[in-house]
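As stored in run_3.cif (mmCIF, N, CA, C and O atoms):
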```cif
data_final
loop_
_atom_site.label_atom_id
_atom_site.label_comp_id
_atom_site.auth_asym_id
_atom_site.auth_seq_id
_atom_site.Cartn_x
_atom_site.Cartn_y
_atom_site.Cartn_z
N LEU A 77 73.96 -62.70 -210.29
CA LEU A 77 73.38 -63.57 -211.32
C LEU A 77 73.97 -64.98 -211.21
O LEU A 77 73.23 -65.95 -211.23
N HIS A 78 75.27 -65.03 -211.04
CA HIS A 78 75.92 -66.33 -210.97
C HIS A 78 75.41 -67.16 -209.79
O HIS A 78 75.14 -68.35 -209.93
N ARG A 79 75.26 -66.50 -208.65
CA ARG A 79 74.81 -67.22 -207.46
C ARG A 79 73.39 -67.76 -207.67
O ARG A 79 73.07 -68.87 -207.29
N HIS A 80 72.56 -66.94 -208.32
CA HIS A 80 71.20 -67.37 -208.63
C HIS A 80 71.22 -68.63 -209.50
O HIS A 80 70.44 -69.55 -209.29
N HIS A 81 72.16 -68.65 -210.42
CA HIS A 81 72.33 -69.80 -211.30
C HIS A 81 72.57 -71.07 -210.49
O HIS A 81 72.01 -72.11 -210.76
N GLN A 82 73.42 -70.94 -209.50
CA GLN A 82 73.76 -72.09 -208.66
C GLN A 82 72.53 -72.64 -207.95
O GLN A 82 72.31 -73.84 -207.95
N SER A 83 71.75 -71.74 -207.36
CA SER A 83 70.60 -72.22 -206.61
C SER A 83 69.57 -72.87 -207.53
O SER A 83 68.90 -73.81 -207.15
N CYS A 84 69.49 -72.41 -208.76
CA CYS A 84 68.60 -73.03 -209.73
C CYS A 84 69.03 -74.48 -209.98
O CYS A 84 68.21 -75.38 -210.07
N TRP A 85 70.32 -74.65 -210.06
CA TRP A 85 70.88 -75.97 -210.32
C TRP A 85 70.48 -76.93 -209.21
O TRP A 85 70.05 -78.05 -209.45
N PHE A 86 70.57 -76.47 -207.98
CA PHE A 86 70.26 -77.34 -206.85
C PHE A 86 68.76 -77.54 -206.67
O PHE A 86 68.34 -78.48 -206.03
N ALA A 87 67.98 -76.66 -207.23
CA ALA A 87 66.53 -76.76 -207.06
C ALA A 87 65.93 -77.87 -207.93
O ALA A 87 64.77 -78.19 -207.81
N LYS A 88 66.75 -78.42 -208.80
CA LYS A 88 66.26 -79.49 -209.66
C LYS A 88 66.24 -80.80 -208.90
O LYS A 88 67.21 -81.15 -208.25
N THR A 89 65.15 -81.51 -209.01
CA THR A 89 65.15 -82.87 -208.50
C THR A 89 64.68 -83.81 -209.61
O THR A 89 64.05 -83.38 -210.58
N TYR A 90 64.99 -85.05 -209.44
CA TYR A 90 64.60 -86.06 -210.42
C TYR A 90 63.81 -87.15 -209.72
O TYR A 90 64.12 -87.52 -208.59
N ILE A 91 62.78 -87.63 -210.39
CA ILE A 91 62.09 -88.81 -209.88
C ILE A 91 62.00 -89.83 -211.01
O ILE A 91 62.13 -89.49 -212.18
N LEU A 92 61.79 -91.06 -210.61
CA LEU A 92 61.49 -92.10 -211.59
C LEU A 92 59.98 -92.33 -211.56
O LEU A 92 59.40 -92.55 -210.50
N GLN A 93 59.37 -92.23 -212.72
CA GLN A 93 57.97 -92.64 -212.84
C GLN A 93 58.01 -94.09 -213.27
O GLN A 93 58.60 -94.42 -214.30
N ILE A 94 57.41 -94.94 -212.48
CA ILE A 94 57.56 -96.36 -212.72
C ILE A 94 56.35 -96.93 -213.46
O ILE A 94 56.45 -97.34 -214.59
N ASN A 95 55.20 -96.93 -212.86
CA ASN A 95 54.00 -97.42 -213.54
C ASN A 95 52.80 -96.66 -213.04
O ASN A 95 52.82 -96.07 -211.96
N SER A 96 51.74 -96.71 -213.81
CA SER A 96 50.44 -96.20 -213.36
C SER A 96 49.44 -97.35 -213.44
O SER A 96 49.45 -98.11 -214.40
N PHE A 97 48.63 -97.45 -212.42
CA PHE A 97 47.64 -98.52 -212.37
C PHE A 97 46.27 -97.94 -212.04
O PHE A 97 46.17 -96.96 -211.31
N GLY A 98 45.25 -98.59 -212.55
CA GLY A 98 43.89 -98.19 -212.19
C GLY A 98 43.47 -98.83 -210.88
O GLY A 98 42.42 -98.53 -210.33
N ASP A 99 44.32 -99.70 -210.37
CA ASP A 99 44.00 -100.49 -209.20
C ASP A 99 45.05 -100.28 -208.10
O ASP A 99 46.24 -100.45 -208.34
N ALA A 100 44.59 -99.89 -206.93
CA ALA A 100 45.50 -99.57 -205.82
C ALA A 100 46.34 -100.78 -205.40
O ALA A 100 47.52 -100.64 -205.07
N ASP A 101 45.73 -101.96 -205.40
CA ASP A 101 46.46 -103.17 -204.99
C ASP A 101 47.60 -103.49 -205.94
O ASP A 101 48.69 -103.87 -205.51
N GLU A 102 47.34 -103.31 -207.23
CA GLU A 102 48.40 -103.54 -208.22
C GLU A 102 49.53 -102.56 -208.02
O GLU A 102 50.71 -102.91 -208.13
N ALA A 103 49.18 -101.31 -207.74
CA ALA A 103 50.20 -100.28 -207.52
C ALA A 103 51.04 -100.63 -206.29
O ALA A 103 52.26 -100.49 -206.31
N ASP A 104 50.38 -101.11 -205.23
CA ASP A 104 51.10 -101.51 -204.02
C ASP A 104 52.05 -102.69 -204.28
O ASP A 104 53.15 -102.73 -203.76
N ARG A 105 51.56 -103.61 -205.10
CA ARG A 105 52.41 -104.76 -205.45
C ARG A 105 53.65 -104.32 -206.20
O ARG A 105 54.75 -104.77 -205.93
N ARG A 106 53.45 -103.40 -207.16
CA ARG A 106 54.58 -102.89 -207.92
C ARG A 106 55.55 -102.13 -207.01
O ARG A 106 56.76 -102.28 -207.12
N ARG A 107 54.99 -101.34 -206.10
CA ARG A 107 55.84 -100.59 -205.16
C ARG A 107 56.70 -101.55 -204.34
O ARG A 107 57.89 -101.32 -204.13
N ALA A 108 56.11 -102.67 -203.92
CA ALA A 108 56.85 -103.67 -203.15
C ALA A 108 58.01 -104.24 -203.97
O ALA A 108 59.12 -104.42 -203.46
N GLN A 109 57.78 -104.48 -205.26
CA GLN A 109 58.83 -104.98 -206.14
C GLN A 109 59.95 -103.96 -206.28
O GLN A 109 61.13 -104.30 -206.31
N VAL A 110 59.55 -102.69 -206.39
CA VAL A 110 60.52 -101.61 -206.53
C VAL A 110 61.38 -101.50 -205.26
O VAL A 110 62.60 -101.37 -205.32
N LEU A 111 60.72 -101.59 -204.10
CA LEU A 111 61.45 -101.55 -202.83
C LEU A 111 62.42 -102.72 -202.72
O LEU A 111 63.55 -102.56 -202.26
N MET A 112 61.97 -103.90 -203.17
CA MET A 112 62.84 -105.07 -203.12
C MET A 112 64.04 -104.91 -204.05
O MET A 112 65.11 -105.47 -203.81
N ALA A 113 63.87 -104.12 -205.10
CA ALA A 113 64.98 -103.84 -206.02
C ALA A 113 65.93 -102.79 -205.43
O ALA A 113 66.95 -102.46 -206.02
N GLY A 114 65.57 -102.25 -204.28
CA GLY A 114 66.46 -101.31 -203.59
C GLY A 114 66.20 -99.85 -203.90
O GLY A 114 67.04 -98.99 -203.66
N VAL A 115 65.02 -99.55 -204.44
CA VAL A 115 64.68 -98.16 -204.76
C VAL A 115 63.48 -97.73 -203.92
O VAL A 115 62.47 -98.42 -203.88
N ASP A 116 63.62 -96.61 -203.24
CA ASP A 116 62.56 -96.10 -202.38
C ASP A 116 61.44 -95.51 -203.25
O ASP A 116 61.71 -94.68 -204.11
N ALA A 117 60.22 -95.96 -203.04
CA ALA A 117 59.12 -95.51 -203.90
C ALA A 117 57.84 -95.34 -203.10
O ALA A 117 57.70 -95.85 -202.00
N ARG A 118 56.92 -94.59 -203.69
CA ARG A 118 55.62 -94.43 -203.07
C ARG A 118 54.54 -94.43 -204.14
O ARG A 118 54.83 -94.30 -205.32
N VAL A 119 53.32 -94.60 -203.68
CA VAL A 119 52.18 -94.59 -204.60
C VAL A 119 51.45 -93.26 -204.43
O VAL A 119 51.14 -92.85 -203.32
N VAL A 120 51.21 -92.58 -205.54
CA VAL A 120 50.50 -91.31 -205.52
C VAL A 120 49.19 -91.50 -206.26
O VAL A 120 49.16 -92.00 -207.39
N LYS A 121 48.12 -91.08 -205.63
CA LYS A 121 46.81 -91.21 -206.27
C LYS A 121 46.48 -89.93 -207.03
O LYS A 121 46.59 -88.84 -206.51
N ASN A 122 46.12 -90.10 -208.29
CA ASN A 122 45.68 -88.98 -209.11
C ASN A 122 44.35 -89.33 -209.74
O ASN A 122 43.84 -90.44 -209.56
N THR A 123 43.80 -88.40 -210.46
CA THR A 123 42.55 -88.64 -211.17
C THR A 123 42.77 -88.41 -212.65
O THR A 123 43.38 -87.41 -213.04
N THR A 124 42.32 -89.33 -213.47
CA THR A 124 42.46 -89.17 -214.92
C THR A 124 41.48 -88.12 -215.41
O THR A 124 40.59 -87.70 -214.67
N SER A 125 41.64 -87.74 -216.67
CA SER A 125 40.79 -86.68 -217.23
C SER A 125 39.31 -87.06 -217.20
O SER A 125 38.44 -86.19 -217.13
N ASN A 126 39.01 -88.36 -217.25
CA ASN A 126 37.60 -88.75 -217.18
C ASN A 126 37.15 -89.13 -215.76
O ASN A 126 36.13 -89.79 -215.58
N GLY A 127 37.95 -88.69 -214.77
CA GLY A 127 37.50 -88.80 -213.39
C GLY A 127 37.79 -90.12 -212.69
O GLY A 127 37.37 -90.32 -211.54
N LEU A 128 38.51 -91.01 -213.34
CA LEU A 128 38.83 -92.28 -212.70
C LEU A 128 40.11 -92.15 -211.88
O LEU A 128 41.02 -91.43 -212.26
N PRO A 129 40.17 -92.86 -210.76
CA PRO A 129 41.40 -92.80 -209.98
C PRO A 129 42.54 -93.54 -210.69
O PRO A 129 42.30 -94.56 -211.34
N ILE A 130 43.73 -93.01 -210.58
CA ILE A 130 44.91 -93.68 -211.13
C ILE A 130 46.01 -93.62 -210.07
O ILE A 130 46.16 -92.62 -209.39
N TYR A 131 46.69 -94.73 -209.91
CA TYR A 131 47.72 -94.83 -208.87
C TYR A 131 49.07 -94.91 -209.54
O TYR A 131 49.36 -95.86 -210.26
N GLN A 132 49.89 -93.89 -209.30
CA GLN A 132 51.22 -93.84 -209.91
C GLN A 132 52.27 -94.29 -208.91
O GLN A 132 52.27 -93.83 -207.77
N VAL A 133 53.15 -95.15 -209.36
CA VAL A 133 54.29 -95.55 -208.55
C VAL A 133 55.47 -94.68 -208.96
O VAL A 133 55.87 -94.68 -210.12
N ILE A 134 55.97 -93.90 -208.01
CA ILE A 134 57.11 -93.03 -208.29
C ILE A 134 58.18 -93.19 -207.21
O ILE A 134 57.89 -93.56 -206.07
N SER A 135 59.42 -92.92 -207.60
CA SER A 135 60.51 -92.97 -206.62
C SER A 135 60.50 -91.70 -205.78
O SER A 135 59.84 -90.73 -206.13
N ARG A 136 61.26 -91.73 -204.71
CA ARG A 136 61.42 -90.49 -203.96
C ARG A 136 62.30 -89.55 -204.79
O ARG A 136 63.08 -90.02 -205.63
N PRO A 137 62.17 -88.24 -204.57
CA PRO A 137 62.99 -87.30 -205.34
C PRO A 137 64.48 -87.48 -205.07
O PRO A 137 64.87 -87.74 -203.92
N MET A 138 65.28 -87.39 -206.10
CA MET A 138 66.73 -87.48 -205.95
C MET A 138 67.35 -86.21 -206.50
O MET A 138 66.82 -85.60 -207.44
N ASN A 139 68.48 -85.80 -205.92
CA ASN A 139 69.05 -84.50 -206.25
C ASN A 139 69.98 -84.48 -207.44
O ASN A 139 70.32 -83.43 -207.94
N ASN A 140 70.42 -85.65 -207.86
CA ASN A 140 71.32 -85.60 -209.01
C ASN A 140 71.03 -86.70 -210.01
O ASN A 140 70.47 -87.74 -209.69
N ARG A 141 71.43 -86.41 -211.22
CA ARG A 141 71.14 -87.26 -212.37
C ARG A 141 71.78 -88.64 -212.19
O ARG A 141 71.21 -89.65 -212.59
N GLN A 142 72.95 -88.66 -211.59
CA GLN A 142 73.66 -89.93 -211.40
C GLN A 142 72.87 -90.87 -210.49
O GLN A 142 72.71 -92.06 -210.78
N ALA A 143 72.34 -90.32 -209.40
CA ALA A 143 71.57 -91.14 -208.46
C ALA A 143 70.33 -91.73 -209.11
O ALA A 143 70.01 -92.90 -208.92
N VAL A 144 69.67 -90.91 -209.90
CA VAL A 144 68.42 -91.37 -210.53
C VAL A 144 68.73 -92.38 -211.64
O VAL A 144 68.00 -93.35 -211.82
N ALA A 145 69.84 -92.18 -212.34
CA ALA A 145 70.24 -93.13 -213.38
C ALA A 145 70.60 -94.48 -212.78
O ALA A 145 70.27 -95.54 -213.32
N THR A 146 71.27 -94.45 -211.63
CA THR A 146 71.64 -95.68 -210.92
C THR A 146 70.39 -96.43 -210.48
O THR A 146 70.29 -97.65 -210.63
N ALA A 147 69.43 -95.68 -209.94
CA ALA A 147 68.17 -96.28 -209.49
C ALA A 147 67.42 -96.90 -210.68
O ALA A 147 66.88 -98.00 -210.59
N GLN A 148 67.41 -96.18 -211.80
CA GLN A 148 66.74 -96.68 -212.99
C GLN A 148 67.36 -97.99 -213.46
O GLN A 148 66.66 -98.94 -213.82
N GLN A 149 68.68 -98.03 -213.43
CA GLN A 149 69.41 -99.24 -213.85
C GLN A 149 69.09 -100.41 -212.93
O GLN A 149 68.88 -101.54 -213.37
N ARG A 150 69.01 -100.12 -211.64
CA ARG A 150 68.70 -101.14 -210.65
C ARG A 150 67.32 -101.75 -210.92
O ARG A 150 67.12 -102.95 -210.84
N LEU A 151 66.37 -100.89 -211.26
CA LEU A 151 65.03 -101.37 -211.58
C LEU A 151 65.04 -102.21 -212.85
O LEU A 151 64.41 -103.25 -212.93
N GLN A 152 65.80 -101.71 -213.84
CA GLN A 152 65.89 -102.41 -215.11
C GLN A 152 66.44 -103.82 -214.92
O GLN A 152 65.96 -104.77 -215.54
N ASN A 153 67.43 -103.95 -214.05
CA ASN A 153 68.01 -105.25 -213.74
C ASN A 153 66.97 -106.20 -213.15
O ASN A 153 67.14 -107.41 -213.18
N ASN A 154 65.92 -105.63 -212.58
CA ASN A 154 64.84 -106.43 -211.99
C ASN A 154 63.61 -106.48 -212.90
O ASN A 154 62.52 -106.84 -212.46
N GLY A 155 63.81 -106.09 -214.15
CA GLY A 155 62.73 -106.17 -215.13
C GLY A 155 61.64 -105.12 -214.96
O GLY A 155 60.51 -105.32 -215.38
N ILE A 156 62.00 -104.00 -214.32
CA ILE A 156 61.02 -102.92 -214.10
C ILE A 156 61.41 -101.70 -214.91
O ILE A 156 62.49 -101.14 -214.72
N ASP A 157 60.54 -101.29 -215.81
CA ASP A 157 60.81 -100.11 -216.63
C ASP A 157 60.42 -98.83 -215.89
O ASP A 157 59.46 -98.82 -215.13
N SER A 158 61.15 -97.77 -216.15
CA SER A 158 60.81 -96.48 -215.54
C SER A 158 61.31 -95.37 -216.44
O SER A 158 62.17 -95.59 -217.30
N ILE A 159 60.77 -94.18 -216.25
CA ILE A 159 61.28 -93.02 -216.97
C ILE A 159 61.72 -91.95 -215.97
O ILE A 159 61.12 -91.80 -214.91
N ILE A 160 62.78 -91.25 -216.34
CA ILE A 160 63.30 -90.17 -215.50
C ILE A 160 62.53 -88.90 -215.77
O ILE A 160 62.36 -88.50 -216.91
N VAL A 161 62.03 -88.30 -214.72
CA VAL A 161 61.31 -87.03 -214.84
C VAL A 161 62.05 -85.96 -214.06
O VAL A 161 62.33 -86.12 -212.88
N GLU A 162 62.38 -84.88 -214.75
CA GLU A 162 63.07 -83.77 -214.11
C GLU A 162 62.02 -82.83 -213.53
O GLU A 162 61.09 -82.44 -214.23
N GLN A 163 62.18 -82.48 -212.27
CA GLN A 163 61.22 -81.56 -211.63
C GLN A 163 61.95 -80.31 -211.22
O GLN A 163 63.01 -80.36 -210.64
N ARG A 164 61.35 -79.19 -211.53
CA ARG A 164 61.90 -77.92 -211.02
C ARG A 164 61.02 -77.48 -209.88
O ARG A 164 59.81 -77.40 -210.03
N ARG A 165 61.65 -77.21 -208.74
CA ARG A 165 60.87 -76.84 -207.57
C ARG A 165 60.48 -75.38 -207.65
O ARG A 165 61.30 -74.56 -208.05
#
```
Take the structure in this file and express it as structure tokens.
Amino acid sequence: LHRHHQSCWFAKTYILQINSFGDADEADRRRAQVLMAGVDARVVKNTTSNGLPIYQVISRPMNNRQAVATAQQRLQNNGIDSIIVEQRR
């Protein structure tokens, strides 16, 4: 049981959700700003409930809370808001 607990702990990853845009170019521009702030990010295309495309700027997954908090702070210093999202694999 204990060992299983450990692997659960490591299976957690964190990402920063930065912005969502209805426009791919805007999302790319934001991603460039995020990269310049020193945080690795990508644009993910999703579809809203009413079928419109939405482009989300998210960071790459990070394995620990400290890393993601540091990245969030770095973005904040550059005037970019983000939220931490915990993902269980």
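All residues of protein, DNA or RNA that reach within 8 Å of A:Thr146, judged by all atoms listed in the file and not counting those fewer than 6 positions away in the chain, are A:Ala113, A:Gly114, A:Asn140, A:Gln152, A:Asn153.
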Inset, instruction - For atom O of A:Gln149 and atom CA of A:Val115, quote the distance in Å rounded to one decimal. - result: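 If I compute the distance from atom O of A:Gln149 to atom CA of A:Val115, I get 10.2 Å.
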Legend entry - For A:Ser135, the nearest of the candidates A:Asp116, A:Glu162, A:Asp157, A:Asp104, counting all atoms listed in the file: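 When distances to A:Ser135 are compared using all atoms listed in the file, the smallest one comes from A:Asp116.
For the choices A:Val119, A:Ala100, A:Ile156, A:Leu151, the atom-to-atom distance to A:Val133 is smallest for A:Val119 when using all atoms listed in the file.
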Legend entry - Test item: residues at most 8 Å from A:Ile159, only C-alpha atoms, excluding those fewer than 2 positions along its chain, as a list in words: Leu92, Gln93, Ile94, Gln148, Asp157 and Val161 of chain A
Inset, instruction - Could you please determine the separation between atom CA of A:Gly155 and atom CA of A:Phe97 in Å, to one decimal place? - result: 17.1 Å
Inset, instruction - Please identify all polymer residues within 7 Å of A:Lys121, counting all atoms listed in the file, omitting same-chain residues fewer than 3 positions from it, and present them as an MDAnalysis selection string. - result: chainID A and resid 129:132
Inset, instruction - Could you tell me how far atom C of A:Ala103 lies from atom C of A:Thr89, in Å and to one decimal? - result: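 Result for atom C of A:Ala103 versus atom C of A:Thr89: 21.9 Å, one decimal.
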Inset, instruction - May I have all residues of chain A that DSSP, computed from the backbone, assigns to strand (DSSP E), given as an MDAnalysis selection string? - result: chainID A and resid 88:97 117:123 129:135 159:164
